[in-house]
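Student: Got a structure for you, model.cif, holding mmCIF, C-alpha atoms.
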data_start
#
loop_
_atom_site.label_atom_id
_atom_site.label_comp_id
_atom_site.auth_asym_id
_atom_site.auth_seq_id
_atom_site.Cartn_x
_atom_site.Cartn_y
_atom_site.Cartn_z
CA SER A 1 -31.76 -74.06 -24.19
CA ASP A 2 -32.44 -75.64 -20.82
CA ALA A 3 -34.64 -73.30 -18.80
CA PHE A 4 -35.03 -74.51 -15.23
CA TYR A 5 -36.72 -71.49 -13.68
CA GLY A 6 -39.43 -69.38 -15.27
CA ASP A 7 -42.47 -67.48 -14.02
CA ALA A 8 -44.45 -64.30 -14.49
CA GLY A 9 -41.32 -62.24 -13.88
CA GLY A 10 -38.85 -63.74 -16.32
CA ILE A 11 -36.56 -66.66 -16.84
CA GLU A 12 -33.03 -67.78 -15.97
CA PHE A 13 -31.37 -70.25 -18.30
CA TYR A 14 -28.21 -71.67 -19.86
CA PHE A 15 -27.34 -73.22 -23.23
CA GLN A 16 -25.77 -76.63 -23.69
CA VAL A 17 -24.78 -78.14 -27.04
CA GLU A 18 -23.43 -81.59 -27.89
CA ASP A 19 -22.01 -82.92 -31.16
CA LEU A 20 -22.32 -86.41 -32.61
CA ALA A 21 -19.06 -87.45 -30.95
CA GLY A 22 -20.51 -86.71 -27.53
CA PHE A 23 -18.49 -83.57 -26.86
CA ASN A 24 -20.59 -80.92 -25.14
CA LYS A 25 -20.20 -77.37 -23.99
CA ARG A 26 -22.23 -75.15 -21.66
CA SER A 27 -22.79 -71.41 -21.87
CA PRO A 28 -22.14 -69.77 -19.46
CA ALA A 29 -19.25 -72.16 -18.83
CA ASP A 30 -19.50 -72.09 -15.02
CA GLU A 31 -22.57 -72.67 -12.84
CA THR A 32 -24.00 -69.21 -13.52
CA TYR A 33 -26.94 -68.39 -15.77
CA TYR A 34 -28.34 -65.91 -18.25
CA TYR A 35 -31.37 -63.87 -17.25
CA SER A 36 -34.28 -62.34 -19.11
CA TYR A 37 -36.92 -60.10 -17.51
CA LEU A 38 -40.21 -58.52 -18.55
CA THR A 39 -39.83 -54.74 -18.63
CA ALA A 40 -41.97 -51.60 -19.07
CA LEU A 41 -45.26 -53.47 -19.35
CA SER A 42 -48.05 -51.20 -20.61
CA GLY A 43 -51.44 -51.33 -22.24
CA ALA A 44 -52.80 -54.85 -22.64
CA SER A 45 -49.57 -56.24 -21.16
CA ALA A 46 -49.74 -54.19 -17.95
CA PRO A 47 -50.25 -56.25 -14.74
CA LEU A 48 -53.74 -56.01 -13.27
CA LEU A 49 -54.61 -55.71 -9.60
CA SER A 50 -58.20 -56.87 -9.37
CA GLY A 51 -60.54 -58.85 -7.15
CA LEU A 52 -60.69 -56.36 -4.28
CA PRO A 53 -63.99 -56.60 -2.38
CA GLY A 54 -66.19 -53.52 -2.37
CA GLY A 55 -68.69 -51.97 -0.02
CA GLY A 56 -66.26 -50.17 2.27
CA SER A 57 -67.00 -52.39 5.30
CA VAL A 58 -64.46 -53.85 7.74
CA ASN A 59 -64.66 -57.14 5.84
CA GLY A 60 -63.63 -55.28 2.70
CA TYR A 61 -60.10 -54.62 3.92
CA ARG A 62 -57.22 -56.56 2.36
CA ILE A 63 -53.42 -56.49 2.72
CA ILE A 64 -51.82 -56.03 -0.68
CA SER A 65 -48.32 -55.55 -2.10
CA ILE A 66 -46.95 -54.13 -5.34
CA PRO A 67 -44.30 -56.65 -6.57
CA TYR A 68 -43.05 -54.68 -9.58
CA ASP A 69 -40.51 -51.97 -10.25
CA LEU A 70 -42.54 -49.01 -11.47
CA GLU A 71 -41.67 -46.04 -13.62
CA ASP A 72 -43.77 -44.02 -11.17
CA ASN A 73 -44.33 -45.46 -7.69
CA LYS A 74 -46.50 -42.63 -6.42
CA VAL A 75 -49.74 -43.81 -4.81
CA ALA A 76 -51.72 -41.18 -6.74
CA THR A 77 -50.41 -42.67 -10.01
CA ILE A 78 -50.80 -46.35 -9.14
CA PHE A 79 -54.34 -45.97 -7.83
CA ASN A 80 -55.49 -43.23 -10.19
CA GLU A 81 -58.48 -45.33 -11.32
CA LEU A 82 -59.92 -44.86 -7.81
CA GLY A 83 -60.02 -41.09 -8.22
CA ALA A 84 -58.88 -38.46 -5.76
CA GLN A 85 -58.29 -39.77 -2.24
CA ASP A 86 -61.47 -39.68 -0.16
CA VAL A 87 -61.86 -41.76 3.03
CA ASN A 88 -65.50 -42.31 2.08
CA SER A 89 -64.42 -43.92 -1.21
CA TRP A 90 -61.07 -45.62 -0.58
CA ARG A 91 -58.28 -45.84 2.00
CA LEU A 92 -54.67 -47.01 1.93
CA LEU A 93 -52.74 -47.53 5.18
CA THR A 94 -49.60 -49.25 6.43
CA TYR A 95 -48.14 -50.16 9.82
CA GLY A 96 -46.18 -47.35 11.40
CA GLY A 97 -44.69 -49.29 14.30
CA GLY A 98 -45.28 -49.40 18.03
CA GLU A 99 -47.51 -51.32 20.42
CA PRO A 100 -50.26 -50.23 20.52
CA ALA A 101 -49.91 -49.88 16.79
CA THR A 102 -49.68 -46.61 14.93
CA TRP A 103 -50.94 -46.43 11.36
CA LEU A 104 -49.74 -44.33 8.46
CA GLU A 105 -52.39 -43.35 5.93
CA PHE A 106 -52.11 -41.93 2.44
CA PRO A 107 -51.68 -39.05 1.67
CA ASN A 108 -50.40 -37.56 4.95
CA GLY A 109 -48.46 -40.62 6.18
CA PHE A 110 -46.81 -41.63 2.89
CA THR A 111 -47.08 -40.90 -0.83
CA THR A 112 -45.18 -43.78 -2.50
CA VAL A 113 -45.19 -47.59 -2.28
CA GLU A 114 -42.25 -49.91 -1.67
CA ARG A 115 -41.60 -53.44 -2.84
CA GLY A 116 -41.66 -55.95 0.00
CA LYS A 117 -44.07 -53.87 2.08
CA GLY A 118 -47.72 -54.61 2.83
CA TYR A 119 -50.57 -52.10 2.69
CA TRP A 120 -54.13 -52.15 3.96
CA ILE A 121 -56.61 -51.18 1.24
CA ASN A 122 -60.36 -50.69 1.36
CA VAL A 123 -62.48 -49.53 -1.57
CA LYS A 124 -66.18 -48.79 -1.71
CA ASN A 125 -66.57 -49.17 -5.48
CA PRO A 126 -63.77 -51.45 -6.70
CA VAL A 127 -62.24 -51.06 -10.13
CA GLN A 128 -59.51 -52.97 -11.92
CA LEU A 129 -56.14 -51.31 -11.39
CA SER A 130 -53.69 -51.39 -14.30
CA LEU A 131 -50.01 -50.98 -13.33
CA GLU A 132 -48.68 -49.05 -16.29
CA GLY A 133 -44.92 -49.00 -16.83
CA ALA A 134 -44.32 -51.99 -14.56
CA SER A 135 -41.12 -54.03 -14.88
CA SER A 136 -40.41 -57.40 -13.34
CA PRO A 137 -37.81 -57.08 -10.57
CA LYS A 138 -34.35 -58.23 -11.55
CA ASN A 139 -34.09 -60.91 -8.89
CA ASN A 140 -32.98 -64.48 -9.45
CA GLN A 141 -31.56 -67.45 -7.54
CA SER A 142 -28.21 -65.66 -7.32
CA SER A 143 -29.73 -62.34 -6.27
CA PHE A 144 -32.81 -62.62 -4.06
CA PHE A 145 -34.77 -59.62 -2.82
CA THR A 146 -33.49 -58.38 0.55
CA MET A 147 -36.25 -57.51 3.00
CA GLN A 148 -35.35 -55.28 5.92
CA LEU A 149 -37.22 -56.58 8.98
CA LYS A 150 -37.40 -54.36 12.05
CA SER A 151 -37.53 -55.60 15.62
CA GLY A 152 -41.18 -56.23 16.48
CA TRP A 153 -44.02 -56.27 13.98
CA ASN A 154 -43.57 -55.82 10.23
CA GLN A 155 -46.29 -55.46 7.61
CA VAL A 156 -44.68 -57.35 4.74
CA GLY A 157 -45.62 -57.90 1.12
CA ASN A 158 -44.64 -60.44 -1.52
CA PRO A 159 -41.83 -58.74 -3.49
CA TYR A 160 -42.21 -61.03 -6.51
CA PRO A 161 -44.90 -61.51 -9.20
CA THR A 162 -44.92 -65.20 -8.27
CA PRO A 163 -45.92 -67.00 -5.01
CA ILE A 164 -43.47 -67.31 -2.12
CA SER A 165 -43.35 -69.57 0.92
CA TRP A 166 -42.76 -67.61 4.11
CA GLU A 167 -41.88 -70.82 5.97
CA GLU A 168 -38.96 -71.31 3.58
CA THR A 169 -37.86 -67.73 4.08
CA ARG A 170 -38.04 -67.80 7.89
CA LEU A 171 -35.76 -70.84 8.07
CA GLN A 172 -32.89 -68.36 7.88
CA ASP A 173 -33.27 -67.15 11.47
CA GLU A 174 -35.09 -68.55 14.50
CA ASN A 175 -36.22 -65.04 15.51
CA ILE A 176 -38.41 -64.64 12.39
CA GLY A 177 -42.04 -65.28 13.27
CA LYS A 178 -44.88 -66.97 11.45
CA LEU A 179 -46.85 -65.19 8.74
CA LYS A 180 -50.16 -63.70 9.90
CA ILE A 181 -52.73 -63.48 7.12
CA TYR A 182 -55.79 -61.28 7.57
CA LYS A 183 -59.02 -63.15 6.89
CA GLY A 184 -61.76 -60.62 7.60
CA GLY A 185 -63.30 -58.88 10.58
CA ALA A 186 -60.55 -58.47 13.16
CA ALA A 187 -59.10 -61.97 12.83
CA TYR A 188 -55.85 -63.38 11.45
CA GLU A 189 -54.68 -66.92 10.78
CA ASN A 190 -51.21 -68.39 10.45
CA GLY A 191 -50.23 -69.05 6.87
CA ASP A 192 -47.34 -69.85 4.58
CA GLU A 193 -47.95 -68.92 0.94
CA LEU A 194 -48.16 -65.33 -0.20
CA LYS A 195 -49.48 -65.02 -3.72
CA LYS A 196 -48.77 -62.20 -6.12
CA PHE A 197 -50.05 -58.87 -4.73
CA GLU A 198 -50.55 -60.32 -1.20
CA GLY A 199 -49.15 -59.31 2.18
CA GLY A 200 -49.38 -60.01 5.91
CA PHE A 201 -47.72 -59.45 9.30
CA VAL A 202 -44.51 -60.96 10.65
CA TYR A 203 -42.95 -60.57 14.11
CA LEU A 204 -39.17 -60.37 14.55
CA ASN A 205 -38.14 -61.30 18.09
CA GLY A 206 -34.68 -59.79 17.94
CA PRO A 207 -32.68 -56.90 16.47
CA ASP A 208 -33.31 -55.55 12.98
CA LEU A 209 -32.51 -58.15 10.33
CA ALA A 210 -31.93 -58.23 6.57
CA VAL A 211 -33.49 -61.43 5.20
CA LYS A 212 -33.33 -62.92 1.70
CA VAL A 213 -36.80 -63.68 0.32
CA ARG A 214 -36.48 -66.90 -1.64
CA PHE A 215 -38.62 -68.17 -4.46
CA LYS A 216 -40.99 -70.92 -3.46
CA GLY A 217 -39.27 -74.31 -3.31
CA ILE A 218 -35.78 -72.94 -2.59
CA THR A 219 -34.68 -73.39 1.03
CA SER A 220 -31.48 -72.51 2.82
CA GLY A 221 -31.60 -74.93 5.72
CA GLY A 222 -31.62 -73.55 9.21
CA ARG A 223 -33.74 -73.95 12.28
CA GLU A 224 -36.18 -76.78 12.93
CA LYS A 225 -39.67 -76.24 11.58
CA ASP A 226 -42.56 -75.69 13.97
CA LEU A 227 -44.32 -78.64 15.54
CA GLU A 228 -47.76 -79.75 14.42
CA PRO A 229 -50.60 -79.69 17.00
CA ASN A 230 -50.50 -82.72 19.29
CA THR A 231 -53.21 -82.68 21.96
CA ASP A 232 -52.10 -85.81 23.83
CA ILE A 233 -51.22 -83.98 27.05
CA SER A 234 -49.88 -87.19 28.62
CA GLY A 235 -46.83 -86.91 26.36
CA ASP A 236 -43.72 -84.79 26.77
CA ASN A 237 -44.45 -82.42 23.87
CA TRP A 238 -48.00 -81.24 23.17
CA PHE A 239 -49.96 -78.26 21.90
CA VAL A 240 -53.68 -77.47 22.22
CA PRO A 241 -54.98 -74.80 19.82
CA ILE A 242 -57.78 -72.69 21.29
CA ALA A 243 -60.22 -70.88 19.00
CA LEU A 244 -62.07 -67.71 19.95
CA ASN A 245 -65.51 -67.42 18.31
CA GLN A 246 -67.77 -64.38 18.26
CA GLY A 247 -70.58 -63.88 15.80
CA GLU A 248 -69.32 -64.65 12.30
CA PHE A 249 -65.65 -64.33 13.25
CA THR A 250 -63.14 -66.92 14.49
CA ASN A 251 -59.58 -66.36 15.71
CA THR A 252 -57.47 -69.53 15.55
CA LEU A 253 -54.06 -68.10 16.50
CA SER A 254 -54.08 -68.98 20.21
CA GLY A 255 -53.17 -72.05 22.24
CA ILE A 256 -51.17 -73.55 25.10
CA GLY A 257 -48.55 -76.27 25.26
CA MET A 258 -45.57 -77.88 26.91
CA ASN A 259 -42.27 -78.90 25.35
CA THR A 260 -39.01 -80.28 26.67
CA ASP A 261 -37.17 -77.54 24.73
CA ALA A 262 -39.42 -74.70 25.92
CA ARG A 263 -38.31 -72.29 28.62
CA GLU A 264 -39.85 -69.73 30.95
CA GLY A 265 -40.42 -66.53 29.05
CA TYR A 266 -40.52 -66.27 25.27
CA ASP A 267 -39.10 -69.09 23.14
CA ARG A 268 -39.50 -70.24 19.54
CA PHE A 269 -42.71 -72.13 20.36
CA ASP A 270 -44.52 -69.01 21.60
CA ASP A 271 -46.37 -66.55 19.39
CA PHE A 272 -47.93 -63.07 19.48
CA ASN A 273 -51.20 -61.46 18.41
CA ALA A 274 -50.82 -59.36 15.28
CA PRO A 275 -51.78 -55.65 15.33
CA SER A 276 -55.18 -54.78 13.93
CA VAL A 277 -56.37 -51.58 12.35
CA PHE A 278 -59.96 -52.35 13.38
CA GLY A 279 -59.70 -52.94 17.12
CA THR A 280 -59.14 -56.15 19.02
CA PHE A 281 -60.35 -59.76 18.75
CA GLU A 282 -57.92 -62.09 20.48
CA LEU A 283 -56.92 -64.29 23.40
CA SER A 284 -53.99 -62.93 25.34
CA PHE A 285 -51.97 -65.10 27.74
CA LYS A 286 -49.94 -63.52 30.52
CA GLY A 287 -46.30 -64.02 29.58
CA VAL A 288 -42.98 -62.86 30.99
CA GLY A 289 -42.51 -59.25 29.92
CA ARG A 290 -45.43 -59.19 27.45
CA GLU A 291 -48.66 -60.94 26.52
CA LEU A 292 -48.71 -63.94 24.19
CA ALA A 293 -51.15 -65.52 21.75
CA VAL A 294 -49.50 -68.94 22.19
CA ASP A 295 -47.76 -69.83 25.44
CA PHE A 296 -45.52 -72.87 25.79
CA THR A 297 -43.95 -73.81 29.12
CA PRO A 298 -41.30 -76.37 30.08
CA LEU A 299 -42.58 -79.87 30.82
CA ALA A 300 -44.28 -80.09 34.23
CA ASP A 301 -46.95 -82.14 36.04
CA ALA A 302 -49.27 -79.12 36.06
CA HIS A 303 -49.42 -75.49 35.02
CA ALA A 304 -52.02 -72.71 35.21
CA TRP A 305 -52.40 -70.34 32.26
CA GLU A 306 -53.91 -66.91 32.87
CA PHE A 307 -55.55 -65.28 29.86
CA LYS A 308 -57.83 -62.46 28.78
CA ASP A 309 -60.48 -62.36 26.09
CA LYS A 310 -59.92 -59.04 24.32
CA THR A 311 -62.60 -58.07 21.82
CA ASN A 312 -64.53 -55.01 20.72
CA LEU A 313 -67.10 -57.04 18.77
CA GLY A 314 -70.67 -57.33 20.00
CA GLY A 315 -72.40 -60.44 21.37
CA HIS A 316 -71.25 -63.48 23.30
CA ALA A 317 -67.77 -64.92 22.79
CA GLY A 318 -66.92 -68.61 23.03
CA LEU A 319 -63.79 -70.73 23.34
CA GLN A 320 -63.34 -74.02 21.52
CA TRP A 321 -60.66 -76.72 21.66
CA ASN A 322 -60.34 -80.43 20.98
CA ASN A 323 -60.13 -82.57 24.13
CA THR A 324 -60.92 -85.92 22.51
CA VAL A 325 -57.30 -87.09 22.59
CA PHE A 326 -56.04 -85.54 25.84
CA GLY A 327 -54.69 -88.93 26.89
#
Can you give me the file's structure in the form of structure tokens?
Tutor:
Amino acid sequence: SDAFYGDAGGIEFYFQVEDLAGFNKRSPADETYYYSYLTALSGASAPLLSGLPGGGSVNGYRIISIPYDLEDNKVATIFNELGAQDVNSWRLLTYGGGEPATWLEFPNGFTTVERGKGYWINVKNPVQLSLEGASSPKNNQSSFFTMQLKSGWNQVGNPYPTPISWEETRLQDENIGKLKIYKGGAAYENGDELKKFEGGFVYLNGPDLAVKVRFKGITSGGREKDLEPNTDISGDNWFVPIALNQGEFTNTLSGIGMNTDAREGYDRFDDFNAPSVFGTFELSFKGVGRELAVDFTPLADAHAWEFKDKTNLGGHAGLQWNNTVFG
């Protein structure tokens, strides 16, 4: 048995035998594989969703996902250890679309959970959640999970019980945006890896799209990866990240830049501010048609960027950037 892929969800494998004369045979005979999955996990074998912060404060919110097929996917069943729904004890919400954002909240907005979708959760007195009757999804390298992205913002979740790389997934289409990971307060940061039970926000700058979510380490080729920050503004291609600081919170999503491949209006170098369920904490640059978190322009001798500091947090706000290598 030569197993080349195995994780918390199952294993895909083939058999190969060879006799003393050197003759060998593979099963299956072609380049396909056998598959084995973990099913109907219960009791001590049931997956555990734990580690949620308590207290019920803004910093206690997290974006989670449920990466299993469940015998019962009702919210009331999955989160039964939290007791009857009470906004003073626990809340579960998800993005309902639109800008400004609308939010759907259990139980009036939805009653079941979906694989591949992200959910805000906040609990005052956290408990360990046991996912009874959970089965590993029957996905493999020949049958990846298909995520339906809608034009605009999407609150996504890891559909697998194993980490994924969003950067590898978004190589499939240049309109798929970076992954925004919530890090407390009202701030997000750009990220790549989504672990088991984790979720975030993704912007699709184009029509609705069905995308294959690949296991980590499996790429499909595609568009060029994003450029790393280069603050030498004497060069042709540069990017200066700008951080917004206020109290204990920092937003690192914003910045300005120039690139020979950039154009007026939105292009693949630009980026947006993710929707927040708590209010606003962001820098917003005046773009063509809509505001941007990151604004790249074509190469020029000079350019003026107009921006707003949008925040509903108290106290003074500050901007910070690195000018030590401006050139």
Student: Specify as a PyMOL selection string each residue included when the PyMOL selection byres ((chain A and resi 160) around 12) is applied to this file.
Tutor: chain A and resi 7-10+65-69+115-117+135-140+144-147+157-159+161-165+194-199+213-216
Student: Extract, using only C-alpha atoms, all DNA, RNA and protein residues at most 12 Å from Phe296 in chain A, discarding same-chain residues fewer than 3 positions from it, and format them as a VMD selection string.
Tutor: chain A and resid 227 237 to 241 254 to 272 285 to 288 292 to 293 299 to 300 303 to 305
Student: Please evaluate the PyMOL selection byres ((chain A and resi 33) around 9) against the structure above and give the resulting residues as a ChimeraX atom specification.
Tutor: /A:12-15,27-28,30-32,34-35,142
Student: Taking the file as I've supplied it (selection: the PyMOL selection byres ((chain A and resi 176) around 7)), which residues are included? Please answer as a VMD selection string.
Tutor: chain A and resid 170 173 to 175 177 to 178 203 to 205
Student: Using all atoms listed in the file for the distances, tell me which of A:Gly315, A:Gly206, A:Gly184, A:Gly191 is nearest to Tyr61 in chain A.
Tutor: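 Going through A:Gly315, A:Gly206, A:Gly184, A:Gly191 one by one, the smallest distance to Tyr61 in chain A is for A:Gly184.
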Student: Quick one: distance from CA of Trp166 in chain A to CA of Asn73 in chain A in Å, one decimal?
Tutor: 25.1 Å
